[in-house]
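Trainee: Next comes input-v2.cif, mmCIF, C-alpha atoms and all ligand atoms:
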```cif
data_entry
loop_
_atom_site.label_atom_id
_atom_site.label_comp_id
_atom_site.auth_asym_id
_atom_site.auth_seq_id
_atom_site.Cartn_x
_atom_site.Cartn_y
_atom_site.Cartn_z
CA ARG Z 1481 -11.83 74.53 -85.85
CA THR Z 1482 -13.12 71.06 -86.53
CA LEU Z 1483 -16.06 69.57 -88.39
CA ASP Z 1484 -18.10 70.19 -85.22
CA ASP Z 1485 -17.88 73.91 -85.99
CA ALA Z 1486 -18.81 73.59 -89.67
CA GLY Z 1487 -22.58 73.95 -89.23
CA ASP Z 1488 -25.10 72.47 -91.66
CA LEU Z 1489 -23.28 71.00 -94.66
CA LYS Z 1490 -26.40 69.96 -96.59
CA GLY Z 1491 -26.03 70.92 -100.24
CA LYS Z 1492 -22.62 72.50 -99.62
CA ARG Z 1493 -19.64 71.69 -101.79
CA VAL Z 1494 -16.97 70.58 -99.33
CA LEU Z 1495 -13.38 70.54 -100.58
CA VAL Z 1496 -11.69 67.84 -98.53
CA ARG Z 1497 -7.90 67.75 -98.74
CA VAL Z 1498 -6.79 64.18 -98.08
CA ASP Z 1499 -3.34 62.58 -98.27
CA LEU Z 1500 -3.60 59.67 -100.68
CA ASN Z 1501 0.10 59.52 -101.37
CA VAL Z 1502 -0.09 55.75 -100.87
CA PRO Z 1503 2.42 53.05 -101.85
CA MET Z 1504 1.53 51.59 -105.28
CA GLU Z 1505 2.90 48.67 -107.28
CA ASN Z 1506 1.80 47.98 -110.87
CA GLY Z 1507 -1.18 50.31 -110.56
CA ARG Z 1508 -2.41 48.75 -107.31
CA VAL Z 1509 -2.45 50.24 -103.81
CA THR Z 1510 -0.21 48.06 -101.60
CA ASP Z 1511 -1.04 49.70 -98.26
CA ALA Z 1512 -4.47 51.30 -97.94
CA THR Z 1513 -3.99 52.74 -94.43
CA ARG Z 1514 -4.18 56.36 -95.60
CA ILE Z 1515 -7.39 55.58 -97.50
CA THR Z 1516 -9.03 53.73 -94.62
CA ARG Z 1517 -8.21 56.49 -92.17
CA VAL Z 1518 -10.01 59.25 -94.14
CA LEU Z 1519 -13.21 57.27 -94.81
CA PRO Z 1520 -15.01 58.33 -91.59
CA THR Z 1521 -14.72 62.02 -92.52
CA ILE Z 1522 -15.91 61.40 -96.09
CA ARG Z 1523 -18.88 59.41 -94.76
CA GLU Z 1524 -19.71 61.99 -92.11
CA ILE Z 1525 -19.84 64.82 -94.65
CA ALA Z 1526 -21.74 62.75 -97.22
CA GLU Z 1527 -24.26 61.61 -94.61
CA ALA Z 1528 -24.81 65.23 -93.60
CA GLY Z 1529 -25.77 65.90 -97.24
CA GLY Z 1530 -22.51 67.60 -98.17
CA ARG Z 1531 -21.07 67.19 -101.66
CA VAL Z 1532 -17.59 65.80 -101.10
CA VAL Z 1533 -14.86 67.02 -103.45
CA LEU Z 1534 -11.60 65.23 -102.69
CA LEU Z 1535 -8.32 67.01 -103.35
CA ALA Z 1536 -5.02 65.18 -103.11
CA HIS Z 1537 -1.51 64.92 -104.52
CA PHE Z 1538 0.38 61.83 -105.59
CA GLY Z 1539 4.13 61.61 -106.06
CA ARG Z 1540 6.20 64.59 -107.13
CA PRO Z 1541 5.21 65.39 -110.73
CA LYS Z 1542 6.81 68.87 -110.55
CA GLY Z 1543 3.90 70.99 -111.75
CA LYS Z 1544 3.17 69.06 -114.97
CA PRO Z 1545 0.60 66.36 -115.75
CA ASP Z 1546 2.15 62.90 -115.74
CA PRO Z 1547 -0.14 59.91 -116.41
CA LYS Z 1548 2.07 57.75 -114.18
CA GLU Z 1549 1.07 59.94 -111.26
CA SER Z 1550 -2.65 60.11 -111.94
CA LEU Z 1551 -5.02 59.71 -109.00
CA ARG Z 1552 -7.48 57.70 -111.10
CA PRO Z 1553 -6.49 54.22 -109.72
CA ILE Z 1554 -6.56 55.67 -106.22
CA ALA Z 1555 -10.06 57.08 -106.80
CA GLU Z 1556 -11.12 53.56 -107.76
CA ALA Z 1557 -9.57 52.16 -104.56
CA VAL Z 1558 -11.36 54.84 -102.49
CA ALA Z 1559 -14.71 54.00 -104.15
CA LYS Z 1560 -14.21 50.32 -103.36
CA ASP Z 1561 -13.32 50.91 -99.70
CA LEU Z 1562 -16.01 53.55 -99.26
CA GLY Z 1563 -18.69 51.39 -100.87
CA ARG Z 1564 -20.00 54.35 -102.90
CA PRO Z 1565 -19.22 55.67 -106.37
CA VAL Z 1566 -16.48 58.27 -106.62
CA ALA Z 1567 -16.63 60.42 -109.76
CA PHE Z 1568 -13.23 61.32 -111.17
CA ALA Z 1569 -12.28 64.60 -112.87
CA GLU Z 1570 -9.16 64.71 -115.03
CA ASP Z 1571 -8.17 68.11 -113.72
CA CYS Z 1572 -8.39 69.73 -110.30
CA ILE Z 1573 -9.29 73.18 -111.69
CA GLY Z 1574 -11.03 74.53 -114.82
CA PRO Z 1575 -14.02 73.14 -116.75
CA LYS Z 1576 -13.37 69.41 -116.10
CA ALA Z 1577 -13.33 69.93 -112.35
CA ALA Z 1578 -16.33 72.28 -112.46
CA GLU Z 1579 -18.34 69.80 -114.49
CA ALA Z 1580 -17.70 66.90 -112.11
CA VAL Z 1581 -18.55 69.01 -109.07
CA ALA Z 1582 -21.71 70.42 -110.69
CA ALA Z 1583 -22.89 66.87 -111.39
CA LEU Z 1584 -22.71 65.91 -107.69
CA GLY Z 1585 -25.90 65.50 -105.74
CA ASP Z 1586 -26.14 65.88 -101.96
CA GLY Z 1587 -24.03 63.13 -100.37
CA GLY Z 1588 -22.13 62.53 -103.63
CA VAL Z 1589 -18.34 62.12 -103.80
CA ALA Z 1590 -15.90 63.22 -106.50
CA MET Z 1591 -12.12 63.17 -106.66
CA LEU Z 1592 -10.15 65.73 -108.64
CA GLU Z 1593 -6.87 64.90 -110.39
CA ASN Z 1594 -3.47 65.35 -108.71
CA THR Z 1595 -3.07 68.94 -107.46
CA ARG Z 1596 0.67 68.75 -108.19
CA PHE Z 1597 -0.05 68.61 -111.93
CA HIS Z 1598 -0.15 72.42 -111.60
CA ALA Z 1599 2.90 74.46 -110.57
CA GLY Z 1600 0.61 76.76 -108.55
CA GLU Z 1601 0.07 74.00 -105.97
CA GLU Z 1602 3.57 73.91 -104.51
CA LYS Z 1603 4.05 77.65 -105.02
CA ASN Z 1604 0.83 78.28 -103.09
CA ASP Z 1605 -0.02 80.68 -105.92
CA PRO Z 1606 -3.07 82.83 -105.00
CA ALA Z 1607 -4.56 82.48 -108.53
CA PHE Z 1608 -4.35 78.67 -108.25
CA VAL Z 1609 -5.84 78.81 -104.73
CA GLN Z 1610 -8.78 80.77 -106.15
CA ALA Z 1611 -9.19 78.29 -109.01
CA LEU Z 1612 -9.40 75.43 -106.48
CA ALA Z 1613 -11.71 77.43 -104.20
CA ALA Z 1614 -14.15 77.96 -107.11
CA ASN Z 1615 -15.32 74.36 -106.57
CA GLY Z 1616 -16.05 74.62 -102.85
CA ASP Z 1617 -18.12 76.44 -100.27
CA VAL Z 1618 -16.21 74.96 -97.34
CA TYR Z 1619 -12.69 73.54 -96.91
CA VAL Z 1620 -11.81 70.59 -94.70
CA ASN Z 1621 -8.17 69.69 -94.19
CA GLU Z 1622 -7.88 65.98 -93.51
CA ALA Z 1623 -4.25 65.69 -94.65
CA PHE Z 1624 -2.18 65.95 -91.47
CA SER Z 1625 0.58 63.98 -93.17
CA ALA Z 1626 0.93 66.67 -95.86
CA SER Z 1627 0.47 69.60 -93.48
CA HIS Z 1628 4.20 70.34 -93.27
CA ARG Z 1629 3.82 71.66 -96.84
CA ALA Z 1630 2.55 75.24 -97.27
CA HIS Z 1631 0.88 74.37 -100.57
CA ALA Z 1632 -2.29 75.76 -102.13
CA SER Z 1633 -4.43 72.75 -101.20
CA THR Z 1634 -2.91 72.24 -97.74
CA GLU Z 1635 -2.56 75.85 -96.57
CA GLY Z 1636 -3.75 78.44 -99.10
CA LEU Z 1637 -7.37 77.27 -99.18
CA ALA Z 1638 -7.73 77.71 -95.42
CA HIS Z 1639 -7.41 81.47 -95.93
CA VAL Z 1640 -10.08 81.83 -98.61
CA LEU Z 1641 -12.85 79.43 -97.50
CA PRO Z 1642 -14.36 78.61 -94.10
CA ALA Z 1643 -11.80 76.00 -92.97
CA TYR Z 1644 -12.04 73.05 -90.59
CA ALA Z 1645 -9.97 70.08 -89.46
CA GLY Z 1646 -11.28 66.66 -90.50
CA ARG Z 1647 -11.55 63.81 -88.00
CA LEU Z 1648 -8.17 62.26 -88.84
CA MET Z 1649 -6.45 65.65 -88.68
CA GLN Z 1650 -8.11 66.17 -85.32
CA ALA Z 1651 -7.06 62.73 -84.03
CA GLU Z 1652 -3.46 63.24 -85.18
CA ILE Z 1653 -3.18 66.61 -83.44
CA GLU Z 1654 -4.76 65.30 -80.24
CA ALA Z 1655 -2.46 62.27 -80.15
CA LEU Z 1656 0.67 64.25 -80.88
CA THR Z 1657 -0.21 66.80 -78.24
CA LYS Z 1658 -0.56 63.97 -75.72
CA GLY Z 1659 2.78 62.62 -76.94
CA LEU Z 1660 4.97 65.65 -76.59
CA GLU Z 1661 3.23 68.97 -75.94
CA ALA Z 1662 1.29 68.05 -72.82
CA PRO Z 1663 2.43 64.51 -71.99
CA ALA Z 1664 2.11 62.48 -68.83
CA ARG Z 1665 5.69 62.26 -67.45
CA PRO Z 1666 8.18 60.70 -67.54
CA VAL Z 1667 8.38 60.70 -71.34
CA VAL Z 1668 10.71 58.39 -73.21
CA ALA Z 1669 11.49 58.83 -76.89
CA ILE Z 1670 12.90 56.05 -79.06
CA VAL Z 1671 14.71 57.35 -82.11
CA GLY Z 1672 16.24 54.95 -84.57
CA GLY Z 1673 16.91 54.74 -88.28
CA SER Z 1674 20.13 54.76 -90.19
CA LYS Z 1675 21.46 58.31 -90.12
CA VAL Z 1676 22.08 61.04 -87.56
CA SER Z 1677 22.34 63.56 -90.41
CA THR Z 1678 18.60 63.31 -91.19
CA LYS Z 1679 17.59 63.58 -87.53
CA ILE Z 1680 19.84 66.22 -85.93
CA ASP Z 1681 17.01 68.75 -85.44
CA LEU Z 1682 14.86 65.99 -84.02
CA LEU Z 1683 17.46 64.89 -81.46
CA VAL Z 1684 18.22 68.47 -80.44
CA ASN Z 1685 14.52 69.21 -79.87
CA LEU Z 1686 13.84 65.95 -78.04
CA VAL Z 1687 16.63 66.25 -75.47
CA GLY Z 1688 14.97 69.48 -74.31
CA LYS Z 1689 11.56 67.86 -74.01
CA VAL Z 1690 11.78 64.23 -72.94
CA ASP Z 1691 13.13 62.57 -69.80
CA ALA Z 1692 14.91 59.72 -71.57
CA LEU Z 1693 16.03 59.29 -75.16
CA VAL Z 1694 16.79 55.83 -76.54
CA ILE Z 1695 19.03 56.01 -79.59
CA GLY Z 1696 19.12 52.91 -81.76
CA GLY Z 1697 19.52 51.84 -85.37
CA GLY Z 1698 22.51 52.82 -87.51
CA MET Z 1699 22.49 56.29 -85.99
CA ALA Z 1700 23.52 54.89 -82.59
CA ASN Z 1701 26.86 53.90 -84.16
CA THR Z 1702 27.78 57.52 -84.72
CA PHE Z 1703 27.16 58.20 -81.02
CA LEU Z 1704 29.14 55.13 -79.96
CA HIS Z 1705 32.03 56.17 -82.21
CA ALA Z 1706 31.85 59.72 -80.78
CA THR Z 1707 32.27 58.36 -77.26
CA GLY Z 1708 35.44 56.56 -78.34
CA LEU Z 1709 34.09 53.07 -79.02
CA GLY Z 1710 35.01 51.00 -82.10
CA VAL Z 1711 32.13 50.21 -84.46
CA GLY Z 1712 34.04 48.15 -87.04
CA ARG Z 1713 32.55 48.43 -90.52
CA SER Z 1714 29.15 49.57 -89.24
CA LEU Z 1715 27.27 52.41 -90.85
CA CYS Z 1716 28.69 55.46 -89.09
CA GLU Z 1717 28.80 59.19 -89.91
CA ARG Z 1718 32.23 59.87 -88.47
CA ASP Z 1719 32.10 63.54 -89.49
CA LEU Z 1720 29.14 64.00 -87.14
CA ALA Z 1721 30.99 62.85 -84.02
CA GLY Z 1722 31.17 66.47 -82.76
CA THR Z 1723 27.44 66.93 -83.28
CA ALA Z 1724 26.74 63.70 -81.40
CA LEU Z 1725 28.89 64.85 -78.47
CA ARG Z 1726 27.07 68.20 -78.36
CA ILE Z 1727 23.74 66.38 -78.23
CA ILE Z 1728 25.00 64.21 -75.37
CA GLU Z 1729 26.19 67.35 -73.57
CA ALA Z 1730 22.86 69.14 -74.13
CA ALA Z 1731 21.02 66.10 -72.78
CA ARG Z 1732 23.16 66.16 -69.64
CA GLU Z 1733 22.39 69.85 -69.07
CA LYS Z 1734 18.68 69.23 -69.54
CA ASN Z 1735 18.49 66.11 -67.37
CA CYS Z 1736 17.55 63.88 -70.28
CA ALA Z 1737 19.02 60.39 -69.95
CA ILE Z 1738 20.55 59.15 -73.19
CA ILE Z 1739 20.22 55.39 -73.57
CA LEU Z 1740 22.67 53.89 -76.06
CA PRO Z 1741 23.13 50.19 -76.86
CA VAL Z 1742 25.27 48.22 -74.40
CA ASP Z 1743 25.49 45.21 -76.70
CA ALA Z 1744 24.92 44.62 -80.41
CA VAL Z 1745 24.19 41.90 -82.93
CA VAL Z 1746 27.03 41.91 -85.44
CA ALA Z 1747 27.37 40.29 -88.87
CA GLU Z 1748 29.90 40.43 -91.68
CA GLU Z 1749 27.26 40.94 -94.36
CA PHE Z 1750 24.21 43.19 -94.65
CA LYS Z 1751 21.64 40.60 -95.63
CA ALA Z 1752 18.90 38.42 -94.21
CA ASN Z 1753 20.11 35.54 -92.03
CA ALA Z 1754 23.78 36.51 -92.33
CA PRO Z 1755 25.81 34.62 -89.70
CA HIS Z 1756 25.90 36.80 -86.58
CA HIS Z 1757 27.03 37.09 -82.94
CA THR Z 1758 26.18 39.35 -80.06
CA TYR Z 1759 29.07 41.34 -78.57
CA GLY Z 1760 29.43 43.78 -75.73
CA ILE Z 1761 29.52 47.32 -77.10
CA ASP Z 1762 33.21 47.74 -76.18
CA ALA Z 1763 34.17 44.59 -78.11
CA ILE Z 1764 32.77 45.07 -81.62
CA PRO Z 1765 35.11 43.26 -84.07
CA GLU Z 1766 36.78 45.44 -86.68
CA SER Z 1767 35.45 43.38 -89.57
CA GLY Z 1768 31.85 43.37 -88.29
CA MET Z 1769 28.74 45.46 -88.84
CA ILE Z 1770 26.26 46.26 -86.10
CA LEU Z 1771 22.82 45.27 -87.46
CA ASP Z 1772 20.71 45.24 -84.32
CA VAL Z 1773 20.73 46.01 -80.62
CA GLY Z 1774 21.44 43.04 -78.34
CA ALA Z 1775 19.27 41.47 -75.61
CA GLN Z 1776 20.82 43.51 -72.79
CA SER Z 1777 20.11 46.72 -74.68
CA VAL Z 1778 16.50 45.63 -75.16
CA GLU Z 1779 16.30 45.10 -71.39
CA ARG Z 1780 17.46 48.65 -70.82
CA VAL Z 1781 14.82 49.94 -73.24
CA ALA Z 1782 12.19 47.85 -71.44
CA ALA Z 1783 13.30 49.27 -68.09
CA ALA Z 1784 13.00 52.81 -69.47
CA LEU Z 1785 9.50 51.97 -70.74
CA ASN Z 1786 8.57 50.57 -67.32
CA ASP Z 1787 9.48 53.91 -65.75
CA ALA Z 1788 7.68 55.98 -68.40
CA LYS Z 1789 4.11 57.15 -68.78
CA THR Z 1790 4.50 58.32 -72.38
CA LEU Z 1791 6.45 56.94 -75.35
CA VAL Z 1792 7.15 58.69 -78.63
CA TRP Z 1793 8.76 56.41 -81.23
CA ASN Z 1794 10.37 57.21 -84.57
CA GLY Z 1795 12.74 54.84 -86.32
CA PRO Z 1796 13.61 51.13 -85.91
CA LEU Z 1797 16.38 49.91 -83.57
CA GLY Z 1798 18.03 47.65 -86.13
CA ALA Z 1799 17.90 46.46 -89.75
CA PHE Z 1800 14.38 45.16 -89.10
CA GLU Z 1801 13.73 44.31 -92.75
CA PHE Z 1802 16.33 41.51 -92.51
CA PRO Z 1803 15.59 38.73 -90.01
CA PRO Z 1804 16.95 38.04 -87.44
CA PHE Z 1805 18.07 41.67 -87.17
CA ASP Z 1806 14.45 42.63 -86.51
CA GLN Z 1807 14.50 41.11 -83.04
CA GLY Z 1808 15.53 44.17 -81.03
CA THR Z 1809 12.86 46.35 -82.63
CA VAL Z 1810 10.22 43.62 -82.32
CA ALA Z 1811 11.02 42.95 -78.63
CA ALA Z 1812 10.94 46.66 -77.73
CA ALA Z 1813 7.72 47.19 -79.70
CA ARG Z 1814 6.04 44.24 -77.98
CA HIS Z 1815 7.08 45.50 -74.57
CA ALA Z 1816 5.66 48.95 -75.36
CA ALA Z 1817 2.45 47.32 -76.60
CA GLU Z 1818 2.11 45.28 -73.36
CA ARG Z 1819 2.58 48.38 -71.20
CA THR Z 1820 0.03 50.22 -73.34
CA LYS Z 1821 -2.53 47.41 -73.09
CA ALA Z 1822 -2.03 47.37 -69.32
CA GLY Z 1823 -2.98 51.04 -69.25
CA LYS Z 1824 0.47 52.08 -68.02
CA LEU Z 1825 1.77 53.83 -71.12
CA VAL Z 1826 0.55 56.26 -73.78
CA SER Z 1827 2.42 55.18 -76.91
CA VAL Z 1828 2.59 57.35 -80.01
CA ALA Z 1829 4.54 56.27 -83.11
CA GLY Z 1830 5.01 57.63 -86.61
CA GLY Z 1831 7.16 57.55 -89.73
CA GLY Z 1832 7.03 55.08 -92.63
CA ASP Z 1833 9.69 52.64 -91.36
CA THR Z 1834 8.40 52.78 -87.81
CA VAL Z 1835 4.87 51.89 -88.82
CA ALA Z 1836 6.19 49.07 -91.04
CA ALA Z 1837 8.26 47.81 -88.08
CA LEU Z 1838 5.28 47.92 -85.70
CA ASN Z 1839 3.12 46.11 -88.23
CA HIS Z 1840 5.89 43.56 -88.65
CA ALA Z 1841 5.95 43.08 -84.85
CA GLY Z 1842 2.15 42.71 -84.98
CA VAL Z 1843 1.59 45.43 -82.39
CA ALA Z 1844 0.55 48.55 -84.31
CA GLU Z 1845 -3.06 48.08 -83.15
CA ALA Z 1846 -1.99 47.95 -79.53
CA PHE Z 1847 -0.27 51.33 -79.63
CA THR Z 1848 -2.28 54.30 -78.38
CA TYR Z 1849 -1.78 56.08 -81.68
CA VAL Z 1850 0.04 55.38 -84.92
CA SER Z 1851 0.36 58.44 -87.12
CA THR Z 1852 -0.25 58.27 -90.86
CA ALA Z 1853 2.48 60.86 -91.30
CA GLY Z 1854 6.11 60.47 -92.31
CA GLY Z 1855 7.75 63.84 -92.94
CA ALA Z 1856 5.06 65.77 -91.07
CA PHE Z 1857 5.46 63.57 -87.98
CA LEU Z 1858 9.20 64.20 -88.06
CA GLU Z 1859 8.81 67.97 -88.45
CA TRP Z 1860 6.36 68.05 -85.60
CA LEU Z 1861 8.84 66.09 -83.42
CA GLU Z 1862 11.47 68.62 -84.46
CA GLY Z 1863 9.27 71.35 -83.00
CA LYS Z 1864 8.73 73.00 -86.39
CA PRO Z 1865 5.44 74.73 -87.21
CA LEU Z 1866 3.14 72.79 -89.55
CA PRO Z 1867 1.63 75.40 -91.93
CA GLY Z 1868 -1.42 73.28 -92.80
CA VAL Z 1869 -2.29 72.90 -89.12
CA ASP Z 1870 -1.52 76.49 -88.16
CA ALA Z 1871 -3.85 77.78 -90.91
CA LEU Z 1872 -6.76 76.00 -89.16
CA ARG Z 1873 -6.24 77.69 -85.80
CA VAL Z 1874 -8.90 80.19 -84.85
C1 LIG H 1 3.94 62.05 -97.49
O1 LIG H 1 3.77 61.06 -98.22
O2 LIG H 1 4.64 62.02 -96.47
C2 LIG H 1 3.18 63.29 -97.81
O3 LIG H 1 2.16 63.02 -98.70
C3 LIG H 1 4.08 64.38 -98.32
O4 LIG H 1 4.65 64.05 -99.55
P1 LIG H 1 5.88 64.92 -100.11
O5 LIG H 1 7.06 64.62 -99.22
O6 LIG H 1 6.06 64.54 -101.54
O7 LIG H 1 5.48 66.39 -99.96
#
```
Please express the file's structure as C-alpha cells.
Ligand code: 3PG
Mentor:
Amino acid sequence: RTLDDAGDLKGKRVLVRVDLNVPMENGRVTDATRITRVLPTIREIAEAGGRVVLLAHFGRPKGKPDPKESLRPIAEAVAKDLGRPVAFAEDCIGPKAAEAVAALGDGGVAMLENTRFHAGEEKNDPAFVQALAANGDVYVNEAFSASHRAHASTEGLAHVLPAYAGRLMQAEIEALTKGLEAPARPVVAIVGGSKVSTKIDLLVNLVGKVDALVIGGGMANTFLHATGLGVGRSLCERDLAGTALRIIEAAREKNCAIILPVDAVVAEEFKANAPHHTYGIDAIPESGMILDVGAQSVERVAAALNDAKTLVWNGPLGAFEFPPFDQGTVAAARHAAERTKAGKLVSVAGGGDTVAALNHAGVAEAFTYVSTAGGAFLEWLEGKPLPGVDALRV
C-alpha cells in the first residue's frame, strides 16, 4: 500500500517515519542525502493538506534521553531544505508531542524528538506504539533504511493505523526488486569491503541468485588464501578459509561464476600514497599488503559487466579512501556507469561505503538506483525479511 491508496489526507494527522540518522559533525549535517530523499513525500502530504508529523531516530541512545542525540539540529536542517517551518517537540509521546501536533494547521510540518529516547521503541512495546499512534490518523513509512528493525515506529505503528509506503520507500522496494527479485539476466553482483565474516550470509544468498559474483576488497584475500595463494601481510581471515571454500563450491553447483582478483596493487604500509607495485595474484610478496585490485582484474570486472544486464553492488574493491588505492573501485564504477548510461545495464548499489565510493568516483548519479540504506540494504541482499516493509503488505 502506497500513498496512492491513502485517500484524501486533508486535515489528517499523518505520522511519517523517516530515517534521519545522518552523519553529523559539530552539530552540522555533513551529508544531507537522507533528508533530500524524503522531501518529496513531505511536500506531497503537506500539499494535500495533511498535517505532517515526522518520527525518526538518531544514534543509539539506548532508551534514555541524551541531548547529544537530539533531533533538534536535524529538524532545523529539514526546515531549511524543505523551505517551510518545521515545529519541534521535545518528546515523541505525551503532552509535548500532543501540543505540537495540535498546533499544526493543514499542510503544517512538525518533528518529534528521537523515538529511541524511549525504551519502548526498540522493544516494539504495544503501550509505546499506542502512545505514538495517539498523534496520528494515518501512518506512512518512509524509512526503508530502518525497515530491518522491528521497532515501534518502523513496524508496530503499521498494525494500529492505516499504513502506507512513502515515495522513497516505494522507490527503494521497486529498485531492489529489479536488482535481485525479478532482474533482467545475467545478473552480476560486486561484493567488496574488508571482511568475509560480516558478509557470509550475503555471499551464500547471492551465489544462489546471481550469474556472476565479483569478490573484491579485503575479503577477497580470504578467498585467495583459501585457494592456496599467498597474501603476505594483507588483511585476511584465515579461520574462514573453510567457509570461503564452501561458498566457492556452492557457486560451482549453482552455476554462479566467482570472479576473484588476478592481480593486485600491493604496498608495505596502509596509508595514502604509500609506495606500491602491481603483482600477479600468485606472486604477492610476503612483506606486502594487497590494497587494491590491479588493472587486469578491473578488465575482468568490466568484461563481466559487458555480459550483464543487471548489477548489484555492495562494498568497494580496494582501500578507496586512500589514493591511489581507489583506482580499481573508481574504474569499475565508471565502467558500470557508462553501461548504465548506454541503456545496457540496470545498476543498483547500496551501503555506506559503496555510496561514498560511487560519489568519490563521481558516478552515483549515473547509476540506475543508489539506496539510502546501509544495514537494511545488506539484510535485503541476504534474503532476510524486512519487518518494516512486510508490515506494509496488504
Ligand atoms: C541506519 O543508519 O542504517 C539506520 O538508521 C539504522 O540504524 P541502526 O543500525 O542504529 O538501527
Trainee: Between chain Z and ligand LIG 1 (chain H), at 10 Å or less, what are the per-residue closest atom pairs and their distances in Å? Count only C-alpha atoms and all ligand atoms, order by chain and rising residue number, and return it as CSV.
Mentor:
```
residue,atom,partner,partner_atom,distance
Z:Val1498,CA,H:LIG1,O3,9.0
Z:Asp1499,CA,H:LIG1,O3,5.5
Z:Leu1500,CA,H:LIG1,O3,7.0
Z:Asn1501,CA,H:LIG1,O3,4.9
Z:Val1502,CA,H:LIG1,O1,7.1
Z:Pro1503,CA,H:LIG1,O1,8.9
Z:Arg1514,CA,H:LIG1,O1,9.6
Z:Ala1536,CA,H:LIG1,O3,8.7
Z:His1537,CA,H:LIG1,O3,7.1
Z:Phe1538,CA,H:LIG1,O3,7.2
Z:Gly1539,CA,H:LIG1,O6,5.7
Z:Arg1540,CA,H:LIG1,O6,5.6
Z:Pro1541,CA,H:LIG1,O6,9.3
Z:Arg1596,CA,H:LIG1,O6,9.5
Z:Glu1602,CA,H:LIG1,O7,9.0
Z:Ala1623,CA,H:LIG1,O3,8.0
Z:Phe1624,CA,H:LIG1,C2,8.7
Z:Ser1625,CA,H:LIG1,C2,5.4
Z:Ala1626,CA,H:LIG1,C2,4.5
Z:Ser1627,CA,H:LIG1,C3,8.0
Z:His1628,CA,H:LIG1,C3,7.8
Z:Arg1629,CA,H:LIG1,O7,6.3
Z:Ala1630,CA,H:LIG1,O7,9.7
Z:His1631,CA,H:LIG1,O7,9.2
Z:Gly1831,CA,H:LIG1,O2,8.5
Z:Gly1832,CA,H:LIG1,O2,8.3
Z:Thr1852,CA,H:LIG1,O2,8.3
Z:Ala1853,CA,H:LIG1,O2,5.7
Z:Gly1854,CA,H:LIG1,O2,4.7
Z:Gly1855,CA,H:LIG1,O2,5.0
Z:Ala1856,CA,H:LIG1,O2,6.6
Z:Phe1857,CA,H:LIG1,O2,8.7
Z:Leu1858,CA,H:LIG1,O2,9.8
```
Trainee: Would you compute the distance between CA of Phe1805 in chain Z and CA of Arg1780 in chain Z? Give it in Å to one decimal.
Mentor: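 For CA of Phe1805 in chain Z relative to CA of Arg1780 in chain Z, the distance reads 17.8 Å.
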Trainee: Determine the nearest neighbour of Ala1599 in chain Z from the options Z:Ile1515, Z:Ala1555, Z:Ala1811, Z:Ala1632, counting all atoms listed in the file.
Mentor: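 Of all the options, Z:Ala1632 lies closest to Ala1599 in chain Z.
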Trainee: Can you tell me which residues surround range 1566-1572 of chain Z at a distance of at most 6 Å, considering all atoms listed in the file, apart from same-chain residues fewer than 3 positions away, and format the answer as a ChimeraX atom specification?
Mentor: /Z:1559,1576-1577,1580,1589-1593
Trainee: Can you tell me, as a PyMOL selection string, what residues are no more than 8 Å from Thr1790 in chain Z when counting all atoms listed in the file, ignoring any on the same chain fewer than 6 positions away?
Mentor: chain Z and resi 1659+1663-1668+1825-1828
Trainee: What's around Ala1784 in chain Z at 10 Å? Count all atoms listed in the file, leave out sequence neighbours fewer than 6 positions away in its own chain, and write the answer as a PDB file with C-alpha atoms, in the frame of the given file.
Mentor:
```
ATOM      1  CA  PRO Z1666       8.180  60.700 -67.540  1.00  0.00           C
ATOM      2  CA  VAL Z1667       8.380  60.700 -71.340  1.00  0.00           C
ATOM      3  CA  VAL Z1668      10.710  58.390 -73.210  1.00  0.00           C
ATOM      4  CA  ALA Z1669      11.490  58.830 -76.890  1.00  0.00           C
ATOM      5  CA  ASP Z1691      13.130  62.570 -69.800  1.00  0.00           C
ATOM      6  CA  ALA Z1692      14.910  59.720 -71.570  1.00  0.00           C
ATOM      7  CA  LEU Z1693      16.030  59.290 -75.160  1.00  0.00           C
ATOM      8  CA  VAL Z1694      16.790  55.830 -76.540  1.00  0.00           C
ATOM      9  CA  ALA Z1737      19.020  60.390 -69.950  1.00  0.00           C
ATOM     10  CA  ILE Z1739      20.220  55.390 -73.570  1.00  0.00           C
ATOM     11  CA  VAL Z1778      16.500  45.630 -75.160  1.00  0.00           C
ATOM     12  CA  LEU Z1791       6.450  56.940 -75.350  1.00  0.00           C
TER      13      LEU Z1791
END
```
Trainee: Which is closest to Leu1495 in chain Z among Z:Tyr1644, Z:Tyr1619, Z:Tyr1759, Z:Trp1793, if we use all atoms listed in the file?
Mentor: Z:Tyr1619
Trainee: If I put a ball of radius 8 Å at (-10.7, 64.6, -87.9) in the file's coordinates, which residues poke into it when counting all atoms listed in the file, written as a PyMOL selection string?
Mentor: chain Z and resi 1482-1483+1521+1622+1645-1652
Trainee: Counting all atoms listed in the file, which residue out of Z:Ile1670, Z:Ala1512, Z:Met1504, Z:Ala1614 sits closest to Leu1785 in chain Z?
Mentor: Z:Ile1670
Trainee: Using only C-alpha atoms, which protein or nucleic acid residues come within 8 Å of Ile1761 in chain Z? Drop anything in the same chain fewer than 6 positions from it, and give the result as an mmCIF file with C-alpha atoms, keeping the file's coordinate frame.
Mentor:
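Contents of part-v4.cif, freshly written:
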```
data_model
loop_
_atom_site.group_PDB
_atom_site.id
_atom_site.type_symbol
_atom_site.label_atom_id
_atom_site.label_comp_id
_atom_site.auth_asym_id
_atom_site.auth_seq_id
_atom_site.Cartn_x
_atom_site.Cartn_y
_atom_site.Cartn_z
ATOM 1 C CA LEU Z 1709 34.090 53.070 -79.020
ATOM 2 C CA PRO Z 1741 23.130 50.190 -76.860
ATOM 3 C CA VAL Z 1742 25.270 48.220 -74.400
ATOM 4 C CA ASP Z 1743 25.490 45.210 -76.700
ATOM 5 C CA ALA Z 1744 24.920 44.620 -80.410
#
```
